Structures are given as structure tokens and as C-alpha cells.
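What follows is a single structure, written as C-alpha cells, with notes after it.
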Amino acid sequence: MRKEKLAKTNEEKILYLAKTRGFCAGVKNAIQTVEKLLDNSDEISYVRHEIVHNKHVIEELERKGVVFVEDIAVVPEGARLVFSAHGVSSSVEDEAKKKKLKITDATCPIVKKIHRLATLYSTKGFTMILIGHREHPEIIGTSGRIEGKYYIVENRRDVKKIIPEKSEKFVCLTQTTLSPEESEDIYLHLKKALGARLQPFNNNICYATRERQNAVKNLALKAQLIFVIGSRNSSNSRRLKEIAEKCGVQVFLIDDETAIRASSLKNIYRIVVTSGASAP
Ligand code: SF4
């Protein structure tokens with residue numbers, strides 16, 4: 001933890017900067033992959049989905065000529081297409097092959113490992129349970145790798161929707177950017193509902209997510225106010241905000257300093273700054 005004295009006032013204002021914050025290795029690799037393509041070729045690079053969930057990164061790459069698309073139907077045949085750090089489903093890969101696109105895969109290796117597990121267990125006849133957010137591209141990509149039956153479980157309510165069939169067996173995987181406590185709580189409810197049919201827990205929350213969450217939890221003890229730098233569509237940034245809020249501290253999720261209102265700093269002397277794994 002780094003402590004910076006901001007100013008001498010009646011009471012000293014102190015800014016605590018989380019030591020573990022910002023870009024993770026998977027995000028850095030994805031951005032560098034696109035930048036290398038820009039440096040080494042004149043062709044337009046299309047990227048399926050935002051390469052990482054950060055407004056500034058996206059705007060900067062768009063300025064350099066990158067085109068972000070959600071649907072690869074709009075990508076011209078034979079063009080260069082990059083898969084974002086969140087990964088894609090098998091059907092997206094198949095569609096890209098049909099269009100003879102030149103693929104560069106910037107999927108984080110940790111997400112790729114989850115894809116392999118999902119494929120492996122589903123081919124072994126397990127029903128897959130994915131703990132995560134059904135609209136998040138990582139869960140869309142992972143569920144799109146599963147040949148057989150699967151459930152997406154976002155919360156305890158979803159657990160109740162699972163009605164096991166005779167001799168059905170289950171394996172559970174998680175999104176990488178969840179809170180460990182919440183995913184373990186959901187797993188315990190699944191275990192209660194499914195008993196021995198459910199395999200031991202595969203908690204796939206990545207190290208980068210855990211480190212950033214632990215750092216903000218520790219610093220929250222010292223803070224009156226926390227700024228989490230990150231975009232609203234960044235899952236790991238939103239988790240940092242939620243975790244800090246649970247510690248009883250006022251928290252703002254901001255893209256940059258322009259979102260800070262002077263009024264929010266009035267009578268505030270201990271401020272923590274951190275940022276999500278997709279924030280520069
Ligand atoms: Fe990979 Fe974790 Fe970073 Fe996501 S947050 S890109 S899973 S290291």
C-alpha cells in the first residue's frame with residue numbers, strides 16, 4: 001500500500017492507493033495483441049466485442065482504426081478478426097472459419113482453461129452449472145462450448161430452478177470475475193439441492209480478481225470514501241465496488257477524474273483509490 005499526503009488542512013487528507021490494482025496480465029496481453037497488429041499491418045483489424053471492458057482503451061484503439069463489432073456478419077470476408085479477452089463460443093469460431101477470417105485469439109489463457117474444462121466435462125456426460133452472469137461475454141462464450149445440458153446460475157433463486165433427472169450428474173464452473181464469497185455461497189446451496197450428484201467445487205475466479213478484491217477489502221478499513229476506477233460494464237470493477245460497499249464505505253465507480261464532484265470530497269480525509277483489472 002502506498003500512502004500519499006495530498007495537502008495540509010486542519011485535518012490532513014490522505015490518499016491510499018491500492019498496491020494491487022489495474023490491468024491484469026490477461027488484459028495487458030489482449031491489448032498488446034491488437035496494438036502489435038496495428039503496428040505490423042495496414043489492414044483494418046476487427047475485434048469481436050470490446051477487447052477489454054474499458055471506455056478509454058476502446059476509444060484509444062478506435063482512434064487508431066480498430067473496428068469493434070458484436071456480430072461478425074458485418075466483418076468483410078477474409079478480414080482480420082481478433083477475439084476479445086473474454087473468449088467466444090464454438091459457433092462464433094465456426095462462423096469466422098466459414099467467412100475465411102484471419103483469426104487472432106486474444107482470449108485470456110485462464111478463460112481458455114475454463115473452456116477446456118466445460119468441453120471435457122460435458123463430453124463425459126455431466127450437466128454443467130455455470131455460476132456467473134448470463135449476459136456477460138465470458139459466460140456466453142463458455143456456455144457456447146458445452147455440447148450437452150447446462151444451467152447458468154446467477155443467484156440462490158436460480159438454484160431452485162434446477163430439477164435433477166434420475167441419474168443426472170453435475171459439475172459446476174464459475175466466471176473468473178466473481179466474488180469468492182458469493183460464488184461459494186451459491187455452491188453450498190447447489191450442494192444442498194443436488195447432494196452427491198454434484199462434483200467438488202471448481203472455483204475458477206482468477207488470481208488477479210482475488211488480489212484486487214483483497215486489496216480493496218483491507219484498505220476499506222481505513223477509508224471514508226473509495227474511488228474504483230473502471231467502466232460500468234467491467235464485471236471485476238463492479239465487484240470491487242460491491243465489496244467496498246459491503247464494508248460500509250461510500251464508493252464511486254468512475255471512468256476517470258472528470259466524474260469526481262468536489263462536493264463528494266467535503267469533510268472527507270481518508271480516500272482510497274483502486275481500479276479494476278481492465279482499467280489502465
Ligand atoms: Fe484473465 Fe482474470 Fe484478467 Fe479476466 S481478470 S483477463 S480471467 S487474468
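Identifiers in this document derive from the order of the C-alpha cells: chains are assigned A, B, ..., residues are numbered from 1 separately in each chain, and ligands are numbered from 1 in order of occurrence.
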
Determine, using only C-alpha atoms, which residues of range 22-94 of chain A have any atom at most 12 Å from an atom of range 176-188 of chain A, and tabulate each with its shortest atom pair and distance in Å to one decimal place, rows ordered by chain and then rising number, as a tab-separated table.
```
residue	atom	partner	partner_atom	distance
A:Cys24	CA	A:Thr177	CA	11.7
A:Gly26	CA	A:Thr176	CA	11.4
A:Ala85	CA	A:Thr176	CA	11.6
A:His86	CA	A:Thr176	CA	9.6
A:Gly87	CA	A:Thr176	CA	11.8
```

At most 12 Å from ligand 1 (only C-alpha atoms and all ligand atoms): residue list as number ranges by chain: A: 21-31, 51-53, 84-87, 106-115, 136-139, 174-179, 204-213, 234-237, 239, 275-279

Per DSSP on the backbone, what are the strand (DSSP E) residues of range 136-178 of chain A, as an NGL selection string? :A and (150-153 or 170-174)

Output all heavy atoms for every residue in the selection just made, as an mmCIF file, in the first residue's frame.
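This went into selection-v2.cif:
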```
data_model
loop_
_atom_site.group_PDB
_atom_site.id
_atom_site.type_symbol
_atom_site.label_atom_id
_atom_site.label_comp_id
_atom_site.auth_asym_id
_atom_site.auth_seq_id
_atom_site.Cartn_x
_atom_site.Cartn_y
_atom_site.Cartn_z
ATOM 1 N N TYR A 150 -26.878 -27.592 -19.838
ATOM 2 C CA TYR A 150 -26.229 -26.721 -18.855
ATOM 3 C C TYR A 150 -27.231 -25.749 -18.237
ATOM 4 O O TYR A 150 -28.303 -25.486 -18.804
ATOM 5 C CB TYR A 150 -25.057 -25.942 -19.474
ATOM 6 C CG TYR A 150 -25.448 -24.891 -20.484
ATOM 7 C CD1 TYR A 150 -25.764 -23.590 -20.091
ATOM 8 C CD2 TYR A 150 -25.503 -25.194 -21.838
ATOM 9 C CE1 TYR A 150 -26.129 -22.626 -21.028
ATOM 10 C CE2 TYR A 150 -25.866 -24.249 -22.777
ATOM 11 C CZ TYR A 150 -26.176 -22.965 -22.368
ATOM 12 O OH TYR A 150 -26.544 -22.022 -23.285
ATOM 13 N N TYR A 151 -26.863 -25.251 -17.066
ATOM 14 C CA TYR A 151 -27.637 -24.202 -16.389
ATOM 15 C C TYR A 151 -26.696 -23.036 -16.116
ATOM 16 O O TYR A 151 -25.516 -23.244 -15.813
ATOM 17 C CB TYR A 151 -28.155 -24.681 -15.033
ATOM 18 C CG TYR A 151 -29.205 -25.752 -15.088
ATOM 19 C CD1 TYR A 151 -28.844 -27.099 -15.031
ATOM 20 C CD2 TYR A 151 -30.559 -25.426 -15.166
ATOM 21 C CE1 TYR A 151 -29.813 -28.099 -15.060
ATOM 22 C CE2 TYR A 151 -31.528 -26.426 -15.190
ATOM 23 C CZ TYR A 151 -31.147 -27.748 -15.144
ATOM 24 O OH TYR A 151 -32.099 -28.731 -15.168
ATOM 25 N N ILE A 152 -27.248 -21.824 -16.192
ATOM 26 C CA ILE A 152 -26.487 -20.651 -15.724
ATOM 27 C C ILE A 152 -27.140 -20.206 -14.422
ATOM 28 O O ILE A 152 -28.360 -20.014 -14.362
ATOM 29 C CB ILE A 152 -26.491 -19.518 -16.771
ATOM 30 C CG1 ILE A 152 -25.763 -19.998 -18.035
ATOM 31 C CG2 ILE A 152 -25.808 -18.261 -16.212
ATOM 32 C CD1 ILE A 152 -25.866 -19.067 -19.215
ATOM 33 N N VAL A 153 -26.325 -20.095 -13.378
ATOM 34 C CA VAL A 153 -26.851 -19.755 -12.066
ATOM 35 C C VAL A 153 -26.241 -18.419 -11.634
ATOM 36 O O VAL A 153 -25.021 -18.303 -11.490
ATOM 37 C CB VAL A 153 -26.512 -20.880 -11.049
ATOM 38 C CG1 VAL A 153 -26.862 -20.456 -9.637
ATOM 39 C CG2 VAL A 153 -27.253 -22.151 -11.420
ATOM 40 N N PHE A 170 -23.672 -33.598 -12.037
ATOM 41 C CA PHE A 170 -23.411 -32.174 -12.300
ATOM 42 C C PHE A 170 -21.965 -31.778 -11.987
ATOM 43 O O PHE A 170 -21.370 -32.295 -11.038
ATOM 44 C CB PHE A 170 -24.323 -31.306 -11.422
ATOM 45 C CG PHE A 170 -25.782 -31.488 -11.681
ATOM 46 C CD1 PHE A 170 -26.486 -32.529 -11.072
ATOM 47 C CD2 PHE A 170 -26.467 -30.632 -12.539
ATOM 48 C CE1 PHE A 170 -27.843 -32.695 -11.307
ATOM 49 C CE2 PHE A 170 -27.825 -30.803 -12.770
ATOM 50 C CZ PHE A 170 -28.520 -31.836 -12.160
ATOM 51 N N VAL A 171 -21.468 -30.818 -12.779
ATOM 52 C CA VAL A 171 -20.186 -30.156 -12.471
ATOM 53 C C VAL A 171 -20.422 -28.662 -12.549
ATOM 54 O O VAL A 171 -21.158 -28.179 -13.409
ATOM 55 C CB VAL A 171 -19.078 -30.548 -13.473
ATOM 56 C CG1 VAL A 171 -17.886 -29.615 -13.372
ATOM 57 C CG2 VAL A 171 -18.591 -31.956 -13.210
ATOM 58 N N CYS A 172 -19.787 -27.961 -11.630
ATOM 59 C CA CYS A 172 -20.006 -26.514 -11.560
ATOM 60 C C CYS A 172 -18.698 -25.764 -11.885
ATOM 61 O O CYS A 172 -17.642 -26.116 -11.380
ATOM 62 C CB CYS A 172 -20.463 -26.279 -10.126
ATOM 63 S SG CYS A 172 -20.586 -24.618 -9.671
ATOM 64 N N LEU A 173 -18.778 -24.766 -12.752
ATOM 65 C CA LEU A 173 -17.640 -23.884 -13.054
ATOM 66 C C LEU A 173 -18.086 -22.452 -12.774
ATOM 67 O O LEU A 173 -19.289 -22.174 -12.769
ATOM 68 C CB LEU A 173 -17.225 -24.001 -14.526
ATOM 69 C CG LEU A 173 -16.796 -25.384 -15.039
ATOM 70 C CD1 LEU A 173 -16.577 -25.332 -16.554
ATOM 71 C CD2 LEU A 173 -15.518 -25.846 -14.357
ATOM 72 N N THR A 174 -17.136 -21.551 -12.584
ATOM 73 C CA THR A 174 -17.542 -20.158 -12.323
ATOM 74 C C THR A 174 -16.920 -19.192 -13.336
ATOM 75 O O THR A 174 -15.885 -19.485 -13.936
ATOM 76 C CB THR A 174 -17.105 -19.670 -10.916
ATOM 77 O OG1 THR A 174 -15.683 -19.499 -10.923
ATOM 78 C CG2 THR A 174 -17.495 -20.627 -9.823
#
```

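Closest approach to Glu95 in chain A among A:Ser45, A:Arg232, A:Val67, A:Gly78 is made by A:Gly78 (distances from only C-alpha atoms).
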
As a PyMOL selection string, which residues of range 102-272 of chain A does DSSP assign to alpha helix (DSSP H)? chain A and resi 109-123+137-143+156-160+180-194+207-220+235-246

Quick one: everything within 12 Å of Ala18 in chain A, counting only C-alpha atoms, minus sequence neighbours fewer than 6 positions away in the same chain. Send it as a ChimeraX atom specification. /A:1-4,211-220,222-223,226-229,240,271-276

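Once Leu101 in chain A and its same-chain neighbours fewer than 5 positions away are set aside, A:Ser45, A:Tyr46, A:Val47, A:Arg48, A:Ile72, A:Ala73, A:Val74, A:Val75, A:Pro76, A:Glu77, A:Gly78, A:Ala79, A:Arg80, A:Leu81, A:Val82, A:Phe83, A:Val92, A:Glu93, A:Asp94, A:Glu95, A:Ala96 remain within 12 Å of it when counting only C-alpha atoms.
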
Please dump the current selection as a compact mmCIF listing (two decimals), in the first residue's frame; keep N, CA, C and O atoms.
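Wrote it out as part_26.txt, contents follow:
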```txt
# COMPACT_ATOMS: atom_id res chain seq x y z
N SER A 45 -8.17 -3.93 -38.47
CA SER A 45 -8.40 -5.02 -37.53
C SER A 45 -9.79 -4.89 -36.96
O SER A 45 -10.15 -3.84 -36.41
N TYR A 46 -10.57 -5.95 -37.11
CA TYR A 46 -11.88 -6.01 -36.47
C TYR A 46 -11.72 -6.76 -35.16
O TYR A 46 -10.95 -7.73 -35.09
N VAL A 47 -12.39 -6.30 -34.12
CA VAL A 47 -12.33 -7.01 -32.84
C VAL A 47 -13.75 -7.37 -32.46
O VAL A 47 -14.64 -6.51 -32.47
N ARG A 48 -13.97 -8.66 -32.16
CA ARG A 48 -15.31 -9.06 -31.75
C ARG A 48 -15.49 -8.73 -30.28
O ARG A 48 -14.75 -9.20 -29.43
N ILE A 72 -20.25 -10.88 -36.21
CA ILE A 72 -19.22 -10.95 -37.24
C ILE A 72 -19.79 -11.01 -38.66
O ILE A 72 -19.04 -10.99 -39.62
N ALA A 73 -21.13 -11.02 -38.76
CA ALA A 73 -21.74 -10.94 -40.09
C ALA A 73 -21.30 -9.65 -40.80
O ALA A 73 -21.25 -9.60 -42.03
N VAL A 74 -21.00 -8.61 -40.03
CA VAL A 74 -20.64 -7.33 -40.65
C VAL A 74 -19.15 -7.25 -41.03
O VAL A 74 -18.71 -6.29 -41.66
N VAL A 75 -18.37 -8.27 -40.65
CA VAL A 75 -16.93 -8.25 -40.98
C VAL A 75 -16.75 -8.76 -42.42
O VAL A 75 -17.28 -9.82 -42.77
N PRO A 76 -16.01 -8.02 -43.26
CA PRO A 76 -15.83 -8.47 -44.65
C PRO A 76 -15.10 -9.82 -44.72
O PRO A 76 -14.22 -10.08 -43.91
N GLU A 77 -15.48 -10.62 -45.70
CA GLU A 77 -14.84 -11.93 -45.89
C GLU A 77 -13.32 -11.77 -45.98
O GLU A 77 -12.83 -10.86 -46.64
N GLY A 78 -12.59 -12.65 -45.31
CA GLY A 78 -11.13 -12.66 -45.40
C GLY A 78 -10.43 -11.63 -44.52
O GLY A 78 -9.20 -11.57 -44.51
N ALA A 79 -11.18 -10.81 -43.79
CA ALA A 79 -10.55 -9.76 -42.97
C ALA A 79 -9.91 -10.34 -41.71
O ALA A 79 -10.08 -11.51 -41.39
N ARG A 80 -9.15 -9.51 -41.01
CA ARG A 80 -8.52 -9.91 -39.74
C ARG A 80 -9.53 -9.71 -38.61
O ARG A 80 -10.13 -8.63 -38.51
N LEU A 81 -9.73 -10.72 -37.79
CA LEU A 81 -10.66 -10.60 -36.66
C LEU A 81 -9.97 -11.06 -35.38
O LEU A 81 -9.36 -12.14 -35.33
N VAL A 82 -10.08 -10.23 -34.35
CA VAL A 82 -9.49 -10.57 -33.05
C VAL A 82 -10.62 -10.96 -32.10
O VAL A 82 -11.64 -10.28 -32.04
N PHE A 83 -10.42 -12.05 -31.36
CA PHE A 83 -11.37 -12.41 -30.30
C PHE A 83 -10.93 -11.72 -29.02
O PHE A 83 -9.74 -11.73 -28.68
N VAL A 92 -19.18 -19.04 -32.84
CA VAL A 92 -18.52 -17.84 -33.38
C VAL A 92 -17.25 -18.25 -34.14
O VAL A 92 -16.98 -17.76 -35.25
N GLU A 93 -16.51 -19.20 -33.57
CA GLU A 93 -15.30 -19.70 -34.27
C GLU A 93 -15.69 -20.31 -35.61
O GLU A 93 -15.03 -20.05 -36.63
N ASP A 94 -16.77 -21.10 -35.61
CA ASP A 94 -17.20 -21.76 -36.85
C ASP A 94 -17.61 -20.73 -37.90
O ASP A 94 -17.25 -20.85 -39.07
N GLU A 95 -18.34 -19.70 -37.46
CA GLU A 95 -18.79 -18.66 -38.40
C GLU A 95 -17.58 -17.93 -38.99
O GLU A 95 -17.54 -17.63 -40.19
N ALA A 96 -16.57 -17.68 -38.13
CA ALA A 96 -15.36 -16.99 -38.60
C ALA A 96 -14.63 -17.83 -39.64
O ALA A 96 -14.12 -17.31 -40.64
```

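With only C-alpha atoms as the atoms that count, the residue of A:Ile129, A:Lys55, A:Lys149, A:Lys246 with the shortest distance to Lys191 in chain A is A:Ile129.
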
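Here CA of Leu225 in chain A and CA of Ile268 in chain A stand 7.1 Å from one another.
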
Which residues are close to Leu120 in chain A, i.e. within 10 Å by only C-alpha atoms, leaving aside same-chain residues fewer than 5 positions away? Reply as an MDAnalysis selection string. chainID A and resid 114:115 125:126 145:147
